[in-house]
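Colleague: Quick one: the structure is below, and I'll ask about it shortly.
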Amino acid sequence: MTITAKQSHEFADLPRLMGLMTGDEKHGPAATSTLDALWVLYDRVLRIGPERMGDPERDRFLLSKGHGPMAYYAVLAAKGFVPVEWLPGFGSYDSPLGHHPDRVLVPGAEIGSGSLGHGLPIAVGTALGLRAQGLDEPRVWVLIGDAELDEGSNHEAIAFAGPAGLERLHTVVIDNSSASHARPGGIAARFEAAGWSAATVDGRDHEALHAAFTAPHPGRPRVVVAQVEAKFA
């Protein structure tokens with residue numbers, strides 16, 4: 001897929017948009033680690049836009065890695081979900097852009113992000129709900145951090161989704177080496193053992209991300225492990 005000059009310019013503008021957000025508790029590394037994956041999803045993969053937020057056939061994107069949401073807010077602003085004018089108020093008392101996204105306040109946010117480990121189980125439930133409604137086209141995407149795999153709730157979700165054949169479910173794991181517990185064979189191996197289709201890519205390489213995000217995986221959920229620089233490198 002050819003990248004247009006407009007797309008390149010929009011991505012190049014994201015650091016400026018992130019720079020508009022100031023204040024304490026920015027969780028900078030948590031935010032910047034997600035920037036490239038979020039951009040590729042919203043720019044080239046997700047079937048959603050400001051005009052489709054109420055469309056039952058839209059894709060669902062769930063941000064589980066909700067701390068340090070500046071990259072998410074910057075992408076939402078670049079794509080017209082939220083006004084750019086909101087960004088400088090990030091984290092302030094009367095701003096809709098809190099330190100964790102609130103689905104009631106942030107246009108385009110499907111869930112409220114808070115405790116780590118909730119997003120993937122919610123995504124499994126969302127995929128099951130869409131299946132029960134006979135909605136076969138929408139895809140469910142959830143972005144989690146590697147440290148969230150320290151939470152048992154995620155492993156229950158992983159173990160369930162594979163045998164359930166939730167092929168509309170997609171998980172992006174941002175791996176910045178912040179997990180406390182090592183996994184034999186790496187992160188992808190844990191998902192593969194439960195019947196998932198898996199790939200591990202450079203989390204800064206947009207073409208590699210796009211190829212991994214769009215690879216076919218009939219009958220199985222999909223996980224893409226996006227490796228970025230270590231959090232405290």
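Letters A, B, ... mark the chains of the structure tokens in the order given; residue numbers begin at 1 per chain; ligand numbers begin at 1, in order shown.
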With a distance cut-off of 10 Å and only C-alpha atoms, select the neighbouring residues of Ala188 of chain A, excluding the residue or stretch itself and same-chain residues fewer than 6 positions from it, and output the selection as number ranges by chain.

Modeller: A: 173, 196-200, 223-225

Colleague: Could you pull the residues within 10 Å of Phe90 of chain A, counting only C-alpha atoms, minus those fewer than 2 positions along the same chain, as a list in words?

Modeller: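 Surrounding residues, per the criterion: Leu20, Met21, Thr22, Gly23, Asp24, Lys26, Pro69, Met70, Tyr73, Trp86, Leu87, Pro88, Ser92, Tyr93, Asp94, Ser95, Pro96, Leu97, Gly98 and His99 of chain A.
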
Colleague: For Pro83 of chain A, please output as a PyMOL selection string all residues within 10 Å (counting only C-alpha atoms; exclusion window: fewer than 5 positions along the same chain).

Modeller: chain A and resi 73-74+76-78+107

Colleague: With a distance cut-off of 9 Å and only C-alpha atoms, select the neighbouring residues of Arg220 of chain A, excluding the residue or stretch itself and same-chain residues fewer than 5 positions from it, and output the selection as a ChimeraX atom specification.

Modeller: /A:161-169,195-197

Colleague: Keeping only C-alpha atoms, write the selected residues to a file as a tab-separated table (two decimals), in the first residue's frame.

Modeller:
chain	number	residue	atom	x	y	z
A	161	ALA	CA	-10.71	-16.74	22.74
A	162	GLY	CA	-8.65	-19.29	20.84
A	163	PRO	CA	-10.92	-22.34	21.27
A	164	ALA	CA	-13.96	-20.05	20.79
A	165	GLY	CA	-12.67	-19.20	17.31
A	166	LEU	CA	-13.10	-15.44	17.74
A	167	GLU	CA	-11.56	-14.54	14.40
A	168	ARG	CA	-12.94	-10.98	14.52
A	169	LEU	CA	-10.83	-10.34	17.64
A	195	GLY	CA	-4.78	-21.28	19.34
A	196	TRP	CA	-4.21	-17.69	18.25
A	197	SER	CA	-2.58	-16.52	15.03

Colleague: List every residue of segment 10-212 of chain A that DSSP, applied to the backbone of this structure, assigns to alpha helix (DSSP H), and report them as a CSV table (one decimal) with C-alpha atoms, in the first residue's frame.

Modeller:
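result_15.csv written:
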chain,number,residue,atom,x,y,z
A,10,GLU,CA,-0.5,14.0,9.2
A,11,PHE,CA,1.8,11.5,11.0
A,12,ALA,CA,4.6,14.1,11.1
A,14,LEU,CA,1.4,14.1,15.7
A,15,PRO,CA,4.4,15.1,17.9
A,16,ARG,CA,3.2,18.7,17.7
A,17,LEU,CA,-0.3,17.6,18.8
A,18,MET,CA,1.2,15.6,21.6
A,19,GLY,CA,3.2,18.6,22.6
A,28,GLY,CA,5.4,10.0,28.4
A,29,PRO,CA,7.0,6.6,27.6
A,30,ALA,CA,3.6,4.8,27.9
A,31,ALA,CA,2.2,7.3,25.4
A,32,THR,CA,5.0,7.4,22.8
A,35,LEU,CA,2.0,6.1,18.7
A,36,ASP,CA,3.0,4.2,15.6
A,37,ALA,CA,0.6,1.3,16.1
A,38,LEU,CA,-2.3,3.7,16.9
A,39,TRP,CA,-1.6,5.7,13.8
A,40,VAL,CA,-1.4,2.7,11.4
A,70,MET,CA,-1.6,11.6,24.8
A,71,ALA,CA,-0.8,9.6,21.6
A,72,TYR,CA,-4.4,8.3,21.6
A,73,TYR,CA,-5.8,11.8,22.0
A,74,ALA,CA,-3.4,13.2,19.3
A,75,VAL,CA,-4.6,10.5,16.8
A,76,LEU,CA,-8.2,11.1,17.6
A,77,ALA,CA,-7.7,14.9,17.1
A,78,ALA,CA,-5.8,14.3,13.8
A,119,GLY,CA,-9.3,-4.4,28.0
A,120,LEU,CA,-8.7,-7.8,26.6
A,121,PRO,CA,-11.5,-9.5,28.6
A,122,ILE,CA,-13.9,-6.7,27.5
A,123,ALA,CA,-12.8,-7.2,23.9
A,124,VAL,CA,-13.6,-10.9,24.2
A,125,GLY,CA,-17.1,-10.0,25.5
A,126,THR,CA,-17.5,-7.5,22.7
A,127,ALA,CA,-16.6,-10.0,20.0
A,128,LEU,CA,-19.0,-12.5,21.5
A,129,GLY,CA,-21.8,-9.9,21.7
A,130,LEU,CA,-21.3,-9.0,18.1
A,131,ARG,CA,-21.4,-12.6,17.1
A,132,ALA,CA,-24.6,-13.2,19.1
A,152,GLY,CA,-4.5,-13.2,35.3
A,153,SER,CA,-7.6,-11.8,33.7
A,154,ASN,CA,-5.8,-11.5,30.4
A,155,HIS,CA,-4.7,-15.1,30.5
A,156,GLU,CA,-8.2,-16.3,31.0
A,157,ALA,CA,-9.3,-14.2,28.0
A,158,ILE,CA,-6.5,-15.6,25.9
A,159,ALA,CA,-7.3,-19.2,26.9
A,160,PHE,CA,-11.0,-18.6,26.0
A,161,ALA,CA,-10.7,-16.7,22.7
A,187,ILE,CA,4.8,-13.1,24.3
A,188,ALA,CA,3.5,-14.5,21.0
A,189,ALA,CA,4.2,-18.0,22.1
A,190,ARG,CA,1.7,-17.6,24.9
A,191,PHE,CA,-1.1,-16.7,22.5
A,192,GLU,CA,-0.1,-19.4,19.9
A,193,ALA,CA,-0.3,-22.0,22.6
A,206,HIS,CA,4.5,1.2,9.7
A,207,GLU,CA,4.7,-1.3,6.7
A,208,ALA,CA,5.4,-4.2,9.0
A,209,LEU,CA,2.6,-3.2,11.3
A,210,HIS,CA,0.2,-2.8,8.5
A,211,ALA,CA,1.1,-6.2,7.0
A,212,ALA,CA,0.7,-7.9,10.4

Colleague: Considering only C-alpha atoms, can you say which of A:Ala147, A:Ser33, A:Val172, A:Arg139 comes closest to Glu229 of chain A?

Modeller: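 The closest residue to Glu229 of chain A is A:Ser33.
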
Colleague: What's around segment 47-53 of chain A at 6 Å? Count only C-alpha atoms, leave out sequence neighbours fewer than 3 positions away in its own chain, and write the answer as a JSON list (two decimals) with N, CA, C and O atoms, in the first residue's frame.

Modeller:
[["chain", "number", "residue", "atom", "x", "y", "z"],
["A", 58, "ARG", "N", -19.54, -0.63, 12.49],
["A", 58, "ARG", "CA", -18.19, -0.08, 12.61],
["A", 58, "ARG", "C", -17.27, -1.09, 13.31],
["A", 58, "ARG", "O", -17.71, -1.95, 14.06],
["A", 59, "ASP", "N", -15.98, -0.95, 13.07],
["A", 59, "ASP", "CA", -15.01, -1.67, 13.89],
["A", 59, "ASP", "C", -14.99, -1.06, 15.28],
["A", 59, "ASP", "O", -15.31, 0.12, 15.46],
["A", 81, "PHE", "N", -12.02, 13.19, 15.50],
["A", 81, "PHE", "CA", -12.93, 12.74, 16.54],
["A", 81, "PHE", "C", -13.10, 13.80, 17.63],
["A", 81, "PHE", "O", -14.19, 13.97, 18.17]]
